[in-house]
$ cat structure-v8.txt   # compact mmCIF, N, CA and C atoms
# COMPACT_ATOMS: atom_id res chain seq x y z
N MET R 1 -17.55 75.24 -10.53
CA MET R 1 -18.73 75.63 -9.77
C MET R 1 -18.46 76.94 -9.07
N ALA R 2 -19.39 77.90 -9.19
CA ALA R 2 -19.22 79.22 -8.58
C ALA R 2 -19.44 79.14 -7.07
N THR R 3 -18.70 79.96 -6.37
CA THR R 3 -18.84 80.03 -4.93
C THR R 3 -19.95 81.00 -4.57
N SER R 4 -20.78 80.63 -3.65
CA SER R 4 -21.90 81.46 -3.23
C SER R 4 -21.55 82.17 -1.93
N THR R 5 -21.90 83.42 -1.82
CA THR R 5 -21.76 84.15 -0.57
C THR R 5 -23.11 84.72 -0.19
N ALA R 6 -23.34 84.89 1.07
CA ALA R 6 -24.60 85.43 1.54
C ALA R 6 -24.64 86.93 1.29
N LEU R 7 -25.78 87.41 0.85
CA LEU R 7 -25.98 88.85 0.71
C LEU R 7 -26.19 89.44 2.10
N PHE R 8 -25.73 90.66 2.31
CA PHE R 8 -25.99 91.37 3.55
C PHE R 8 -27.26 92.19 3.32
N VAL R 9 -28.33 91.85 4.06
CA VAL R 9 -29.64 92.48 3.86
C VAL R 9 -30.06 93.20 5.14
N GLN R 10 -30.46 94.45 4.99
CA GLN R 10 -31.01 95.23 6.09
C GLN R 10 -32.39 95.71 5.67
N SER R 11 -33.34 95.74 6.60
CA SER R 11 -34.69 96.17 6.25
C SER R 11 -35.33 96.93 7.40
N HIS R 12 -36.12 97.91 7.04
CA HIS R 12 -36.93 98.66 8.00
C HIS R 12 -38.31 98.84 7.40
N ALA R 13 -39.31 98.94 8.25
CA ALA R 13 -40.69 99.12 7.79
C ALA R 13 -41.29 100.35 8.45
N ALA R 14 -42.20 100.97 7.73
CA ALA R 14 -42.93 102.13 8.24
C ALA R 14 -44.39 102.02 7.84
N GLN R 15 -45.23 102.56 8.65
CA GLN R 15 -46.67 102.46 8.47
C GLN R 15 -47.15 103.09 7.17
N GLY R 16 -46.56 104.18 6.73
CA GLY R 16 -47.04 104.86 5.53
C GLY R 16 -48.50 105.25 5.71
N PHE R 17 -49.33 104.94 4.72
CA PHE R 17 -50.77 105.26 4.80
C PHE R 17 -51.57 104.13 5.44
N ALA R 18 -50.92 103.03 5.77
CA ALA R 18 -51.62 101.92 6.42
C ALA R 18 -52.06 102.36 7.81
N ALA R 19 -53.27 101.96 8.19
CA ALA R 19 -53.81 102.30 9.50
C ALA R 19 -54.85 101.25 9.88
N PRO R 20 -55.13 101.10 11.17
CA PRO R 20 -56.15 100.14 11.56
C PRO R 20 -57.47 100.44 10.83
N GLY R 21 -58.05 99.41 10.25
CA GLY R 21 -59.33 99.56 9.56
C GLY R 21 -59.23 99.87 8.07
N ASN R 22 -58.01 100.08 7.54
CA ASN R 22 -57.91 100.26 6.09
C ASN R 22 -56.99 99.20 5.50
N ALA R 23 -56.85 99.20 4.18
CA ALA R 23 -55.99 98.24 3.50
C ALA R 23 -54.98 98.97 2.62
N GLU R 24 -54.53 100.14 3.07
CA GLU R 24 -53.55 100.92 2.32
C GLU R 24 -52.16 100.27 2.44
N GLN R 25 -51.25 100.75 1.64
CA GLN R 25 -49.91 100.18 1.60
C GLN R 25 -49.04 100.62 2.77
N ALA R 26 -48.23 99.67 3.25
CA ALA R 26 -47.18 99.95 4.24
C ALA R 26 -45.84 99.89 3.51
N ASN R 27 -44.86 100.59 4.03
CA ASN R 27 -43.58 100.76 3.35
C ASN R 27 -42.47 99.90 3.96
N PHE R 28 -41.66 99.32 3.08
CA PHE R 28 -40.45 98.62 3.48
C PHE R 28 -39.30 99.18 2.67
N ILE R 29 -38.17 99.41 3.31
CA ILE R 29 -36.94 99.71 2.59
C ILE R 29 -35.99 98.56 2.87
N VAL R 30 -35.38 98.06 1.81
CA VAL R 30 -34.47 96.93 1.92
C VAL R 30 -33.15 97.35 1.27
N VAL R 31 -32.07 97.27 2.03
CA VAL R 31 -30.74 97.62 1.52
C VAL R 31 -29.95 96.32 1.37
N VAL R 32 -29.41 96.10 0.17
CA VAL R 32 -28.71 94.86 -0.13
C VAL R 32 -27.26 95.20 -0.51
N THR R 33 -26.31 94.56 0.19
CA THR R 33 -24.90 94.87 0.05
C THR R 33 -24.10 93.59 -0.13
N ASP R 34 -23.03 93.67 -0.93
CA ASP R 34 -22.09 92.57 -1.05
C ASP R 34 -21.30 92.51 0.26
N PRO R 35 -21.32 91.39 0.97
CA PRO R 35 -20.67 91.34 2.28
C PRO R 35 -19.15 91.37 2.22
N ILE R 36 -18.58 91.09 1.08
CA ILE R 36 -17.12 91.07 0.95
C ILE R 36 -16.59 92.44 0.54
N THR R 37 -17.20 93.04 -0.48
CA THR R 37 -16.70 94.32 -0.99
C THR R 37 -17.36 95.53 -0.37
N GLY R 38 -18.55 95.33 0.20
CA GLY R 38 -19.31 96.47 0.72
C GLY R 38 -20.04 97.24 -0.35
N GLU R 39 -19.93 96.79 -1.59
CA GLU R 39 -20.60 97.47 -2.71
C GLU R 39 -22.10 97.18 -2.68
N PRO R 40 -22.91 98.17 -3.05
CA PRO R 40 -24.34 97.94 -3.12
C PRO R 40 -24.69 96.98 -4.26
N ILE R 41 -25.70 96.16 -4.05
CA ILE R 41 -26.23 95.29 -5.10
C ILE R 41 -27.37 96.06 -5.76
N THR R 42 -27.19 96.42 -7.01
CA THR R 42 -28.12 97.36 -7.67
C THR R 42 -28.93 96.75 -8.80
N THR R 43 -28.82 95.45 -9.05
CA THR R 43 -29.43 94.86 -10.24
C THR R 43 -30.62 93.96 -9.95
N LEU R 44 -31.18 94.01 -8.77
CA LEU R 44 -32.28 93.12 -8.41
C LEU R 44 -33.62 93.65 -8.92
N THR R 45 -34.55 92.73 -9.10
CA THR R 45 -35.91 93.07 -9.52
C THR R 45 -36.88 92.56 -8.47
N GLN R 46 -38.14 92.87 -8.63
CA GLN R 46 -39.15 92.45 -7.64
C GLN R 46 -39.16 90.94 -7.44
N LYS R 47 -38.90 90.18 -8.49
CA LYS R 47 -38.94 88.72 -8.35
C LYS R 47 -37.83 88.18 -7.44
N ASN R 48 -36.83 89.01 -7.11
CA ASN R 48 -35.75 88.60 -6.20
C ASN R 48 -36.14 88.75 -4.73
N PHE R 49 -37.31 89.33 -4.45
CA PHE R 49 -37.71 89.65 -3.08
C PHE R 49 -38.93 88.84 -2.65
N GLN R 50 -38.90 88.45 -1.38
CA GLN R 50 -40.04 87.78 -0.77
C GLN R 50 -40.20 88.38 0.62
N ILE R 51 -41.43 88.70 0.98
CA ILE R 51 -41.71 89.19 2.33
C ILE R 51 -42.74 88.25 2.95
N ILE R 52 -42.38 87.70 4.10
CA ILE R 52 -43.26 86.75 4.78
C ILE R 52 -43.72 87.35 6.10
N ASN R 53 -45.04 87.40 6.28
CA ASN R 53 -45.66 87.88 7.52
C ASN R 53 -45.77 86.68 8.47
N HIS R 54 -45.03 86.72 9.60
CA HIS R 54 -45.06 85.63 10.57
C HIS R 54 -45.99 85.99 11.72
N TYR R 55 -46.67 85.00 12.23
CA TYR R 55 -47.55 85.10 13.40
C TYR R 55 -48.76 85.99 13.13
N LEU R 56 -49.87 85.60 13.68
CA LEU R 56 -51.07 86.43 13.65
C LEU R 56 -51.10 87.25 14.93
N ILE R 57 -51.63 88.46 14.83
CA ILE R 57 -51.84 89.28 16.02
C ILE R 57 -53.33 89.31 16.29
N PRO R 58 -53.77 89.61 17.50
CA PRO R 58 -55.20 89.57 17.82
C PRO R 58 -56.03 90.42 16.85
N GLY R 59 -57.05 89.80 16.29
CA GLY R 59 -57.95 90.48 15.37
C GLY R 59 -57.52 90.44 13.92
N GLN R 60 -56.33 89.93 13.64
CA GLN R 60 -55.82 89.88 12.26
C GLN R 60 -56.48 88.72 11.52
N ALA R 61 -57.16 89.02 10.40
CA ALA R 61 -57.85 87.98 9.63
C ALA R 61 -56.99 87.42 8.51
N CYS R 62 -56.00 88.18 8.08
CA CYS R 62 -55.12 87.73 7.00
C CYS R 62 -53.79 88.46 7.13
N GLY R 63 -52.85 88.10 6.29
CA GLY R 63 -51.53 88.74 6.34
C GLY R 63 -51.17 89.38 5.01
N PHE R 64 -49.90 89.73 4.89
CA PHE R 64 -49.42 90.38 3.68
C PHE R 64 -48.30 89.57 3.01
N THR R 65 -48.17 88.29 3.37
CA THR R 65 -47.12 87.46 2.81
C THR R 65 -47.14 87.50 1.28
N ASN R 66 -45.98 87.85 0.71
CA ASN R 66 -45.79 87.90 -0.74
C ASN R 66 -46.81 88.76 -1.48
N ASN R 67 -47.34 89.75 -0.81
CA ASN R 67 -48.26 90.69 -1.46
C ASN R 67 -47.56 92.03 -1.65
N ILE R 68 -46.46 92.00 -2.40
CA ILE R 68 -45.72 93.22 -2.73
C ILE R 68 -46.51 93.94 -3.82
N THR R 69 -47.03 95.11 -3.51
CA THR R 69 -47.90 95.83 -4.44
C THR R 69 -47.18 96.96 -5.17
N SER R 70 -45.98 97.31 -4.71
CA SER R 70 -45.20 98.35 -5.36
C SER R 70 -43.73 98.04 -5.13
N PHE R 71 -42.90 98.30 -6.16
CA PHE R 71 -41.47 98.01 -6.09
C PHE R 71 -40.71 99.10 -6.82
N ASN R 72 -39.63 99.59 -6.20
CA ASN R 72 -38.78 100.59 -6.84
C ASN R 72 -37.32 100.31 -6.50
N ASN R 73 -36.52 100.16 -7.56
CA ASN R 73 -35.07 100.01 -7.40
C ASN R 73 -34.48 101.41 -7.50
N THR R 74 -33.89 101.91 -6.43
CA THR R 74 -33.35 103.27 -6.43
C THR R 74 -32.02 103.37 -7.16
N GLY R 75 -31.41 102.23 -7.46
CA GLY R 75 -30.12 102.22 -8.14
C GLY R 75 -28.92 102.40 -7.21
N THR R 76 -29.18 102.43 -5.90
CA THR R 76 -28.11 102.63 -4.93
C THR R 76 -27.95 101.44 -3.97
N GLY R 77 -28.64 100.34 -4.27
CA GLY R 77 -28.65 99.20 -3.37
C GLY R 77 -29.82 99.22 -2.41
N ALA R 78 -30.61 100.29 -2.46
CA ALA R 78 -31.83 100.39 -1.65
C ALA R 78 -33.03 100.11 -2.54
N TYR R 79 -33.95 99.33 -2.00
CA TYR R 79 -35.16 98.95 -2.73
C TYR R 79 -36.37 99.36 -1.90
N GLN R 80 -37.31 100.03 -2.53
CA GLN R 80 -38.52 100.47 -1.85
C GLN R 80 -39.64 99.51 -2.24
N LEU R 81 -40.22 98.87 -1.24
CA LEU R 81 -41.31 97.93 -1.47
C LEU R 81 -42.51 98.37 -0.65
N GLN R 82 -43.70 98.13 -1.18
CA GLN R 82 -44.91 98.38 -0.42
C GLN R 82 -45.72 97.09 -0.40
N VAL R 83 -46.36 96.84 0.72
CA VAL R 83 -47.21 95.67 0.90
C VAL R 83 -48.55 96.11 1.45
N LYS R 84 -49.54 95.26 1.26
CA LYS R 84 -50.83 95.47 1.91
C LYS R 84 -51.46 94.12 2.18
N PRO R 85 -52.40 94.06 3.10
CA PRO R 85 -52.99 92.76 3.43
C PRO R 85 -53.80 92.22 2.25
N LYS R 86 -53.85 90.89 2.18
CA LYS R 86 -54.60 90.21 1.12
C LYS R 86 -56.03 89.96 1.59
N GLY R 87 -56.98 90.76 1.12
CA GLY R 87 -58.38 90.49 1.37
C GLY R 87 -58.91 90.85 2.75
N CYS R 88 -58.20 91.67 3.48
CA CYS R 88 -58.70 92.13 4.79
C CYS R 88 -58.12 93.51 5.07
N LYS R 89 -58.34 93.99 6.27
CA LYS R 89 -57.84 95.31 6.67
C LYS R 89 -56.79 95.14 7.77
N TRP R 90 -55.97 96.17 7.91
CA TRP R 90 -54.98 96.18 8.98
C TRP R 90 -55.67 96.26 10.33
N VAL R 91 -55.05 95.69 11.33
CA VAL R 91 -55.43 95.91 12.72
C VAL R 91 -54.21 96.49 13.43
N ALA R 92 -54.45 97.18 14.52
CA ALA R 92 -53.35 97.79 15.26
C ALA R 92 -52.47 96.70 15.87
N GLY R 93 -51.17 96.91 15.79
CA GLY R 93 -50.24 95.98 16.40
C GLY R 93 -48.91 95.94 15.69
N ASP R 94 -48.06 95.05 16.14
CA ASP R 94 -46.73 94.87 15.57
C ASP R 94 -46.71 93.59 14.75
N TYR R 95 -46.46 93.75 13.47
CA TYR R 95 -46.38 92.64 12.53
C TYR R 95 -44.91 92.26 12.37
N LEU R 96 -44.58 90.99 12.57
CA LEU R 96 -43.22 90.52 12.41
C LEU R 96 -43.07 89.90 11.03
N ALA R 97 -42.02 90.30 10.33
CA ALA R 97 -41.84 89.83 8.96
C ALA R 97 -40.40 89.40 8.71
N GLN R 98 -40.26 88.59 7.69
CA GLN R 98 -38.96 88.12 7.22
C GLN R 98 -38.84 88.57 5.76
N VAL R 99 -37.73 89.23 5.44
CA VAL R 99 -37.45 89.66 4.08
C VAL R 99 -36.36 88.75 3.54
N ILE R 100 -36.64 88.09 2.43
CA ILE R 100 -35.67 87.19 1.81
C ILE R 100 -35.31 87.76 0.44
N VAL R 101 -34.01 87.83 0.17
CA VAL R 101 -33.52 88.33 -1.11
C VAL R 101 -32.70 87.23 -1.75
N LYS R 102 -33.07 86.85 -2.98
CA LYS R 102 -32.35 85.80 -3.69
C LYS R 102 -31.78 86.38 -4.98
N GLY R 103 -30.46 86.39 -5.07
CA GLY R 103 -29.77 86.80 -6.29
C GLY R 103 -29.42 85.57 -7.11
N LYS R 104 -28.61 85.76 -8.14
CA LYS R 104 -28.23 84.63 -9.00
C LYS R 104 -27.45 83.57 -8.23
N LEU R 105 -26.49 84.00 -7.42
CA LEU R 105 -25.64 83.06 -6.70
C LEU R 105 -25.71 83.20 -5.19
N SER R 106 -26.41 84.22 -4.72
CA SER R 106 -26.40 84.53 -3.29
C SER R 106 -27.80 84.76 -2.76
N THR R 107 -27.95 84.51 -1.48
CA THR R 107 -29.22 84.74 -0.79
C THR R 107 -28.92 85.44 0.52
N GLY R 108 -29.84 86.27 0.97
CA GLY R 108 -29.73 86.90 2.28
C GLY R 108 -31.10 87.13 2.85
N GLN R 109 -31.16 87.43 4.12
CA GLN R 109 -32.44 87.68 4.76
C GLN R 109 -32.30 88.58 5.97
N ALA R 110 -33.42 89.16 6.35
CA ALA R 110 -33.46 90.04 7.52
C ALA R 110 -34.84 89.95 8.14
N THR R 111 -34.92 90.26 9.41
CA THR R 111 -36.21 90.37 10.08
C THR R 111 -36.57 91.84 10.19
N VAL R 112 -37.86 92.11 10.29
CA VAL R 112 -38.32 93.49 10.40
C VAL R 112 -39.66 93.52 11.13
N LYS R 113 -39.87 94.59 11.86
CA LYS R 113 -41.15 94.79 12.57
C LYS R 113 -41.88 95.96 11.93
N LEU R 114 -43.13 95.73 11.54
CA LEU R 114 -44.00 96.78 11.01
C LEU R 114 -45.04 97.10 12.09
N SER R 115 -45.05 98.32 12.57
CA SER R 115 -46.01 98.72 13.59
C SER R 115 -47.13 99.53 12.95
N ILE R 116 -48.36 99.08 13.15
CA ILE R 116 -49.55 99.78 12.66
C ILE R 116 -50.26 100.36 13.87
N ARG R 117 -50.37 101.67 13.89
CA ARG R 117 -51.00 102.38 15.03
C ARG R 117 -52.18 103.20 14.58

$ encode --input "structure-v8.txt" --output "structure tokens"
Amino acid sequence: MATSTALFVQSHAAQGFAAPGNAEQANFIVVVTDPITGEPITTLTQKNFQIINHYLIPGQACGFTNNITSFNNTGTGAYQLQVKPKGCKWVAGDYLAQVIVKGKLSTGQATVKLSIR
């Protein structure tokens, strides 16, 4: 039986073109590293990622949970993801999210705040 180790996951979010009153994409960068060797994990695909929008903020009618609309593997262990709300528009505020990365034998996660102004 193979031994599983946790992936080291770091994530940051930026507003991008998302703004209150529109449904444009917001940007996430996720960096995935082997916690033992420090080597970047470069072989993941979009199906390895999950983004969960936690908590509603005042005026928010829907969230962006698992609504990854764009994915790019940079080949350096950094992954560029874009999300947008499902069936509604952004409202101003701080959205709290959880990024989960599942590899073949390892899983990791990180929290991230997306601010829409």

$ residues_around --input "structure-v8.txt" --residues "range 9-19 of chain R" --least-positions-apart "6" --cutoff "7 Å" --atoms "all atoms listed in the file" --output "list in words"
Gln25, Ala26, Asn27, Phe28, Ile29, Val30, Val31, Val32, Thr33, Lys89, Trp90, Val91, Ala92, Gly108, Gln109, Ala110, Thr111, Val112, Lys113, Leu114, Ser115, Ile116 and Arg117 of chain R

$ write_last_selection --input "structure-v8.txt" --atoms "N, CA and C atoms" --output "mmCIF file, in the coordinates of the input"
data_model
loop_
_atom_site.group_PDB
_atom_site.id
_atom_site.type_symbol
_atom_site.label_atom_id
_atom_site.label_comp_id
_atom_site.auth_asym_id
_atom_site.auth_seq_id
_atom_site.Cartn_x
_atom_site.Cartn_y
_atom_site.Cartn_z
ATOM 1 N N GLN R 25 -51.250 100.750 1.640
ATOM 2 C CA GLN R 25 -49.910 100.180 1.600
ATOM 3 C C GLN R 25 -49.040 100.620 2.770
ATOM 4 N N ALA R 26 -48.230 99.670 3.250
ATOM 5 C CA ALA R 26 -47.180 99.950 4.240
ATOM 6 C C ALA R 26 -45.840 99.890 3.510
ATOM 7 N N ASN R 27 -44.860 100.590 4.030
ATOM 8 C CA ASN R 27 -43.580 100.760 3.350
ATOM 9 C C ASN R 27 -42.470 99.900 3.960
ATOM 10 N N PHE R 28 -41.660 99.320 3.080
ATOM 11 C CA PHE R 28 -40.450 98.620 3.480
ATOM 12 C C PHE R 28 -39.300 99.180 2.670
ATOM 13 N N ILE R 29 -38.170 99.410 3.310
ATOM 14 C CA ILE R 29 -36.940 99.710 2.590
ATOM 15 C C ILE R 29 -35.990 98.560 2.870
ATOM 16 N N VAL R 30 -35.380 98.060 1.810
ATOM 17 C CA VAL R 30 -34.470 96.930 1.920
ATOM 18 C C VAL R 30 -33.150 97.350 1.270
ATOM 19 N N VAL R 31 -32.070 97.270 2.030
ATOM 20 C CA VAL R 31 -30.740 97.620 1.520
ATOM 21 C C VAL R 31 -29.950 96.320 1.370
ATOM 22 N N VAL R 32 -29.410 96.100 0.170
ATOM 23 C CA VAL R 32 -28.710 94.860 -0.130
ATOM 24 C C VAL R 32 -27.260 95.200 -0.510
ATOM 25 N N THR R 33 -26.310 94.560 0.190
ATOM 26 C CA THR R 33 -24.900 94.870 0.050
ATOM 27 C C THR R 33 -24.100 93.590 -0.130
ATOM 28 N N LYS R 89 -58.340 93.990 6.270
ATOM 29 C CA LYS R 89 -57.840 95.310 6.670
ATOM 30 C C LYS R 89 -56.790 95.140 7.770
ATOM 31 N N TRP R 90 -55.970 96.170 7.910
ATOM 32 C CA TRP R 90 -54.980 96.180 8.980
ATOM 33 C C TRP R 90 -55.670 96.260 10.330
ATOM 34 N N VAL R 91 -55.050 95.690 11.330
ATOM 35 C CA VAL R 91 -55.430 95.910 12.720
ATOM 36 C C VAL R 91 -54.210 96.490 13.430
ATOM 37 N N ALA R 92 -54.450 97.180 14.520
ATOM 38 C CA ALA R 92 -53.350 97.790 15.260
ATOM 39 C C ALA R 92 -52.470 96.700 15.870
ATOM 40 N N GLY R 108 -29.840 86.270 0.970
ATOM 41 C CA GLY R 108 -29.730 86.900 2.280
ATOM 42 C C GLY R 108 -31.100 87.130 2.850
ATOM 43 N N GLN R 109 -31.160 87.430 4.120
ATOM 44 C CA GLN R 109 -32.440 87.680 4.760
ATOM 45 C C GLN R 109 -32.300 88.580 5.970
ATOM 46 N N ALA R 110 -33.420 89.160 6.350
ATOM 47 C CA ALA R 110 -33.460 90.040 7.520
ATOM 48 C C ALA R 110 -34.840 89.950 8.140
ATOM 49 N N THR R 111 -34.920 90.260 9.410
ATOM 50 C CA THR R 111 -36.210 90.370 10.080
ATOM 51 C C THR R 111 -36.570 91.840 10.190
ATOM 52 N N VAL R 112 -37.860 92.110 10.290
ATOM 53 C CA VAL R 112 -38.320 93.490 10.400
ATOM 54 C C VAL R 112 -39.660 93.520 11.130
ATOM 55 N N LYS R 113 -39.870 94.590 11.860
ATOM 56 C CA LYS R 113 -41.150 94.790 12.570
ATOM 57 C C LYS R 113 -41.880 95.960 11.930
ATOM 58 N N LEU R 114 -43.130 95.730 11.540
ATOM 59 C CA LEU R 114 -44.000 96.780 11.010
ATOM 60 C C LEU R 114 -45.040 97.100 12.090
ATOM 61 N N SER R 115 -45.050 98.320 12.570
ATOM 62 C CA SER R 115 -46.010 98.720 13.590
ATOM 63 C C SER R 115 -47.130 99.530 12.950
ATOM 64 N N ILE R 116 -48.360 99.080 13.150
ATOM 65 C CA ILE R 116 -49.550 99.780 12.660
ATOM 66 C C ILE R 116 -50.260 100.360 13.870
ATOM 67 N N ARG R 117 -50.370 101.670 13.890
ATOM 68 C CA ARG R 117 -51.000 102.380 15.030
ATOM 69 C C ARG R 117 -52.180 103.200 14.580
#

$ select_by_dssp --input "structure-v8.txt" --residues "chain R" --states "strand (DSSP E)" --output "number ranges by chain"
R: 8-14, 26-33, 49-54, 68-73, 78-83, 93-102, 107-116

$ closest_residue --input "structure-v8.txt" --among "R:Asp34, R:Glu24, R:Phe8, R:Val99" --to "Ser70 in chain R" --atoms "only C-alpha atoms"
R:Glu24

$ closest_residue --input "structure-v8.txt" --among "R:Leu81, R:Ile36, R:Leu7, R:Cys88" --to "Cys62 in chain R" --atoms "only N, CA and C atoms"
R:Cys88

$ atom_distance --input "structure-v8.txt" --atom1 "CA of Thr45 in chain R" --atom2 "atom N of Thr76 in chain R"
12.1 Å

$ atom_distance --input "structure-v8.txt" --atom1 "CA of His54 in chain R" --atom2 "CA of Thr74 in chain R"
27.2 Å

$ closest_residue --input "structure-v8.txt" --among "R:Leu44, R:Ala61, R:Ile51, R:Leu56" --to "Gly87 in chain R" --atoms "all atoms listed in the file"
R:Ala61

$ atom_distance --input "structure-v8.txt" --atom1 "atom C of Ala97 in chain R" --atom2 "atom C of Ile68 in chain R"
14.7 Å

$ closest_residue --input "structure-v8.txt" --among "R:Val101, R:Asn48, R:Pro85, R:Thr43" --to "Asn73 in chain R" --atoms "all atoms listed in the file"
R:Thr43

$ axis_aligned_box --input "structure-v8.txt" --around "range 13-32 of chain R" --padding-each-side "4 Å" --output "AutoDock Vina command-line options"
--center_x -43.3 --center_y 100.1 --center_z 5.5 --size_x 40.1 --size_y 18.4 --size_z 20.1

$ closest_residue --input "structure-v8.txt" --among "R:Pro40, R:Lys84, R:Lys104, R:Pro35" --to "Gly63 in chain R" --atoms "only N, CA and C atoms"
R:Lys84
